[in-house]
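Since the structure comes first, as structure tokens, the remarks are kept for the end.
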Amino acid sequence: MSTTPTREVARRVLASEFNDASYTFKESDDERAPVYLLLPTGAAANRVFVVGTLTETEDVGSDSEYWRGRVVDPTGTFFVYAGQYQPEAAGVLRELEPPAYVAVTGKPRTYETDDGTVNVSIRPEAITVVDEAVRDRWVVEAAERTLDRLATFDDETNEYARMAREQYDPDPATYRQVVITALEDVEDAEAVAPVE
Amino acid sequence: MSELRTQAEEVREQFSEHLELDVDDVERRLRTLVEDYKVPLDEARRSVVNHYLDEAGIGRESLASGANDAVALADIDAPDRWVDVTAKVVELWEPRSDSIDQVGLLGDASGTLKFTKWAKSDLPTLDEGGVYRLGNVVTDEYEGRFSVKLNRTTTIEALDEDLEVGDNEVDVEGALVDIQSGSGLIKRCPMEDCTRVLQNGRCAEHGEVEGEFDLRIKGVLDDGLEVYEVLFDKAGTESLTGITIEEAKEMAMDALDTTVVADEMRDLVLGRYYRVSGPTFNRYVLADDVEEITAAPDPAAVLIKARSM
């Protein structure tokens, strides 16, 4: 394989699955090696691209600004945190008036709470306002990518699926249902959309 | 004929002096690897060939010239592979070192690729415009770019034919997830044949110069599976963002800062879906044509798939 550091792909994952993830790992001992979040359907995510409705923003910082945004898709909520090291993204969360459709590219981050549960969130690289068509396209795309992962989940050569089984013991049927929920949401919205 | 079938027939041909292979059997082996186990075709063929080598009890060198995979230039995507190519010498460049006898660009229908011929390999000279069958060249990679190297064992056969050279045209789509630094309103060196982008008013070659404004975007399209680095020139940037170079200059003038242009462009295009087509150059797709994807997606088709799983 190529030894050149290549840009990590932005995985498409629905909120419900994203929030079920908690296990992170590296593929080499190098201190600067990329960190991956293991998705329950068997994929490694160093970066994600999500689109949803920004429903709330709040400055949860104590000394300096630290903005939290809730970005909702048909299956759940992504938590997005931006502070002084993500000035552009923090600026967007400060200025935006929810609700608004937003596209977020960013890195998954995990955080263990005092009671031992692991919370997963996104540290944004970019947040932009988009329209409903982009949001619908993303939901369908994320659903399709999830199905792709489910389709190869039982392949013997699927190393990440093996890891997912060890770490999460997921029921693939759950995520198939998540996909159906997401798609029905888009389909229903289209069914009631006014005819132009 | 399917690609698998073609490859299977080539494998049978390779072994014709050693084994009576059933082409269906070869194809089935290839298909299992490629379709069930997602092995790249060239790797699958290598593995299948190894299987038959074992069966025949012979070494790889016993196979005739077909022992390497004959590959299209655009399919070369890994270093240190021994391959055969049939290609035209599109350009010869000036070697920068005495250790290099010839260096330049090879082309075939699939695209173009750099080649290097070492002085110590003592090989016949290639002519610009000539078409050759090059046996046993080795692939190499540098910073994500591939090339082939001719070596002592390479066979060169001049062919009396012309070859149509493709331009590596690709068609990609995805969400625009990043606009990299060096995008927006930039200044280029005005010296003849120098188009370097100025850094703080300085050209790396010509020093302090009065730059000429230009627009460009180095963007990243991402479809969730692959990443494509896309270069938009002035026309491409104007078409992508709807901001003309005149408007960009005005924005920069008002703000007394050129970076406002890239910021505005980020707001306009990041997170949206685009389809881009154009030739590839090194690791970039040069956007000749760009179009925002606005058509409503079809959840019904994916729903059917989901419910039938």
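Ligands are numbered from 1 in the order shown, chains are lettered A, B, ... in the order of the structure tokens, and residues start at 1 in each chain.
Taking the backbone of this structure through DSSP, the residues of segment 185-260 of chain B that come out as alpha helix (DSSP H) are B:Lys234, B:Ala235, B:Gly236, B:Thr237, B:Glu238, B:Ser239, B:Leu240, B:Thr241, B:Ile245, B:Glu246, B:Glu247, B:Ala248, B:Lys249, B:Glu250, B:Met251, B:Ala252, B:Met253, B:Asp254, B:Ala255, B:Thr259, B:Val260.
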Would you mind exporting N, CA and C atoms of the selected residues as an mmCIF file, in the first residue's frame?
data_model
loop_
_atom_site.group_PDB
_atom_site.id
_atom_site.type_symbol
_atom_site.label_atom_id
_atom_site.label_comp_id
_atom_site.auth_asym_id
_atom_site.auth_seq_id
_atom_site.Cartn_x
_atom_site.Cartn_y
_atom_site.Cartn_z
ATOM 1 N N LYS B 234 -9.758 29.588 -12.618
ATOM 2 C CA LYS B 234 -10.577 30.792 -12.497
ATOM 3 C C LYS B 234 -12.007 30.540 -12.978
ATOM 4 N N ALA B 235 -12.142 29.968 -14.187
ATOM 5 C CA ALA B 235 -13.476 29.727 -14.729
ATOM 6 C C ALA B 235 -14.240 28.735 -13.851
ATOM 7 N N GLY B 236 -13.542 27.698 -13.392
ATOM 8 C CA GLY B 236 -14.177 26.688 -12.552
ATOM 9 C C GLY B 236 -14.630 27.277 -11.224
ATOM 10 N N THR B 237 -13.796 28.140 -10.647
ATOM 11 C CA THR B 237 -14.122 28.764 -9.367
ATOM 12 C C THR B 237 -15.319 29.701 -9.519
ATOM 13 N N GLU B 238 -15.324 30.455 -10.622
ATOM 14 C CA GLU B 238 -16.455 31.359 -10.863
ATOM 15 C C GLU B 238 -17.747 30.573 -11.028
ATOM 16 N N SER B 239 -17.647 29.457 -11.756
ATOM 17 C CA SER B 239 -18.834 28.646 -11.999
ATOM 18 C C SER B 239 -19.295 27.958 -10.713
ATOM 19 N N LEU B 240 -18.343 27.527 -9.874
ATOM 20 C CA LEU B 240 -18.684 26.836 -8.629
ATOM 21 C C LEU B 240 -19.329 27.791 -7.629
ATOM 22 N N THR B 241 -18.763 28.987 -7.491
ATOM 23 C CA THR B 241 -19.184 29.876 -6.406
ATOM 24 C C THR B 241 -20.115 30.996 -6.863
ATOM 25 N N ILE B 245 -14.086 37.196 -10.715
ATOM 26 C CA ILE B 245 -12.817 37.718 -10.198
ATOM 27 C C ILE B 245 -12.956 39.211 -9.875
ATOM 28 N N GLU B 246 -13.787 39.923 -10.650
ATOM 29 C CA GLU B 246 -14.005 41.350 -10.364
ATOM 30 C C GLU B 246 -14.674 41.522 -9.002
ATOM 31 N N GLU B 247 -15.713 40.707 -8.752
ATOM 32 C CA GLU B 247 -16.396 40.781 -7.462
ATOM 33 C C GLU B 247 -15.455 40.402 -6.318
ATOM 34 N N ALA B 248 -14.616 39.405 -6.574
ATOM 35 C CA ALA B 248 -13.674 38.954 -5.550
ATOM 36 C C ALA B 248 -12.694 40.083 -5.201
ATOM 37 N N LYS B 249 -12.217 40.789 -6.242
ATOM 38 C CA LYS B 249 -11.286 41.902 -5.998
ATOM 39 C C LYS B 249 -11.967 42.998 -5.180
ATOM 40 N N GLU B 250 -13.230 43.267 -5.501
ATOM 41 C CA GLU B 250 -13.970 44.289 -4.757
ATOM 42 C C GLU B 250 -14.128 43.903 -3.293
ATOM 43 N N MET B 251 -14.496 42.612 -3.074
ATOM 44 C CA MET B 251 -14.647 42.135 -1.698
ATOM 45 C C MET B 251 -13.341 42.329 -0.925
ATOM 46 N N ALA B 252 -12.226 41.955 -1.568
ATOM 47 C CA ALA B 252 -10.923 42.057 -0.911
ATOM 48 C C ALA B 252 -10.565 43.507 -0.639
ATOM 49 N N MET B 253 -10.904 44.380 -1.607
ATOM 50 C CA MET B 253 -10.616 45.805 -1.470
ATOM 51 C C MET B 253 -11.395 46.375 -0.289
ATOM 52 N N ASP B 254 -12.691 46.059 -0.205
ATOM 53 C CA ASP B 254 -13.542 46.570 0.873
ATOM 54 C C ASP B 254 -13.028 46.135 2.235
ATOM 55 N N ALA B 255 -12.571 44.882 2.300
ATOM 56 C CA ALA B 255 -12.150 44.336 3.593
ATOM 57 C C ALA B 255 -10.669 44.593 3.851
ATOM 58 N N THR B 259 -8.289 37.290 2.264
ATOM 59 C CA THR B 259 -8.790 36.021 2.806
ATOM 60 C C THR B 259 -10.316 35.997 2.934
ATOM 61 N N VAL B 260 -10.958 37.178 2.904
ATOM 62 C CA VAL B 260 -12.424 37.196 3.010
ATOM 63 C C VAL B 260 -13.055 36.457 1.829
#
Name all residues at most 10 Å from Thr152 of chain A (count only C-alpha atoms; drop same-chain ones fewer than 6 positions away) and give them as a PyMOL selection string. (chain A and resi 41-42+158+161) or (chain B and resi 36-37)
Could those residues be written to a file, using C-alpha atoms, as a short mmCIF file (atom, residue, chain, number, x, y, z; two decimals), in the first residue's frame?
data_model
loop_
_atom_site.label_atom_id
_atom_site.label_comp_id
_atom_site.auth_asym_id
_atom_site.auth_seq_id
_atom_site.Cartn_x
_atom_site.Cartn_y
_atom_site.Cartn_z
CA THR A 41 -21.67 -1.89 11.47
CA GLY A 42 -17.97 -2.50 10.93
CA ASN A 158 -14.15 -7.95 7.05
CA ALA A 161 -16.86 -6.24 11.41
CA ASP B 36 -16.83 -12.60 -3.12
CA TYR B 37 -13.62 -11.42 -1.51
#
Could you list the residues in chain B lying within 9 Å of chain A, using only C-alpha atoms, and format the result as a PyMOL selection string? chain B and resi 36-37+77-79+141-144+175+177-178+222-227+266-273+293-300+302-303+305-307+309
Go ahead and save the residues from that selection, with C-alpha atoms, as a PDB file, in the first residue's frame.
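So out.pdb came out as:
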ATOM      1  CA  ASP B  36     -16.832 -12.602  -3.117  1.00  0.00           C
ATOM      2  CA  TYR B  37     -13.618 -11.422  -1.508  1.00  0.00           C
ATOM      3  CA  ASP B  77      -1.840   1.898  -8.350  1.00  0.00           C
ATOM      4  CA  ALA B  78       0.821   0.198  -6.267  1.00  0.00           C
ATOM      5  CA  PRO B  79       4.625   0.388  -6.141  1.00  0.00           C
ATOM      6  CA  GLU B 141       5.467   5.626  -6.171  1.00  0.00           C
ATOM      7  CA  TYR B 142       6.507   9.030  -4.894  1.00  0.00           C
ATOM      8  CA  GLU B 143       4.156  11.206  -2.847  1.00  0.00           C
ATOM      9  CA  GLY B 144       1.136   9.383  -4.179  1.00  0.00           C
ATOM     10  CA  ALA B 175     -19.872  16.341  -0.935  1.00  0.00           C
ATOM     11  CA  VAL B 177     -15.897  18.699   2.537  1.00  0.00           C
ATOM     12  CA  ASP B 178     -12.856  20.964   2.495  1.00  0.00           C
ATOM     13  CA  ASP B 222     -15.755  13.032  -0.659  1.00  0.00           C
ATOM     14  CA  ASP B 223     -18.421  10.412  -1.346  1.00  0.00           C
ATOM     15  CA  GLY B 224     -17.940   8.527   1.917  1.00  0.00           C
ATOM     16  CA  LEU B 225     -15.782   5.900   0.229  1.00  0.00           C
ATOM     17  CA  GLU B 226     -13.166   7.852  -1.700  1.00  0.00           C
ATOM     18  CA  VAL B 227     -11.561  11.273  -1.486  1.00  0.00           C
ATOM     19  CA  ARG B 266     -16.387  28.263   2.024  1.00  0.00           C
ATOM     20  CA  ASP B 267     -19.771  29.447   3.257  1.00  0.00           C
ATOM     21  CA  LEU B 268     -21.226  29.112  -0.228  1.00  0.00           C
ATOM     22  CA  VAL B 269     -20.019  25.652  -1.238  1.00  0.00           C
ATOM     23  CA  LEU B 270     -18.859  23.537   1.716  1.00  0.00           C
ATOM     24  CA  GLY B 271     -21.207  20.718   2.639  1.00  0.00           C
ATOM     25  CA  ARG B 272     -22.973  20.676  -0.719  1.00  0.00           C
ATOM     26  CA  TYR B 273     -22.907  17.933  -3.334  1.00  0.00           C
ATOM     27  CA  ILE B 293     -26.355  18.001  -7.615  1.00  0.00           C
ATOM     28  CA  THR B 294     -29.784  19.284  -6.713  1.00  0.00           C
ATOM     29  CA  ALA B 295     -32.025  16.465  -7.938  1.00  0.00           C
ATOM     30  CA  ALA B 296     -34.099  14.912  -5.166  1.00  0.00           C
ATOM     31  CA  PRO B 297     -32.625  11.618  -4.004  1.00  0.00           C
ATOM     32  CA  ASP B 298     -34.705   8.478  -4.356  1.00  0.00           C
ATOM     33  CA  PRO B 299     -35.348   6.980  -0.929  1.00  0.00           C
ATOM     34  CA  ALA B 300     -37.747   4.384  -2.396  1.00  0.00           C
ATOM     35  CA  VAL B 302     -32.866   2.238  -1.095  1.00  0.00           C
ATOM     36  CA  LEU B 303     -35.885   1.357   1.048  1.00  0.00           C
ATOM     37  CA  LYS B 305     -33.013  -2.747  -0.694  1.00  0.00           C
ATOM     38  CA  ALA B 306     -33.176  -2.244   3.074  1.00  0.00           C
ATOM     39  CA  ARG B 307     -36.412  -4.190   3.454  1.00  0.00           C
ATOM     40  CA  MET B 309     -31.988  -7.617   3.311  1.00  0.00           C
TER      41      MET B 309
END
Would you list the contacts of segment 5-15 of chain B as a PyMOL selection string, taking every protein, DNA or RNA residue within 12 Å and counting only C-alpha atoms, but skipping same-chain residues closer than 5 positions in sequence? chain B and resi 20-31+41-71
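Using only C-alpha atoms, the shortest contact distance between Glu212 of chain B and any of B:Arg196, B:Val170, B:Cys189, B:Gly107 is found at B:Cys189.
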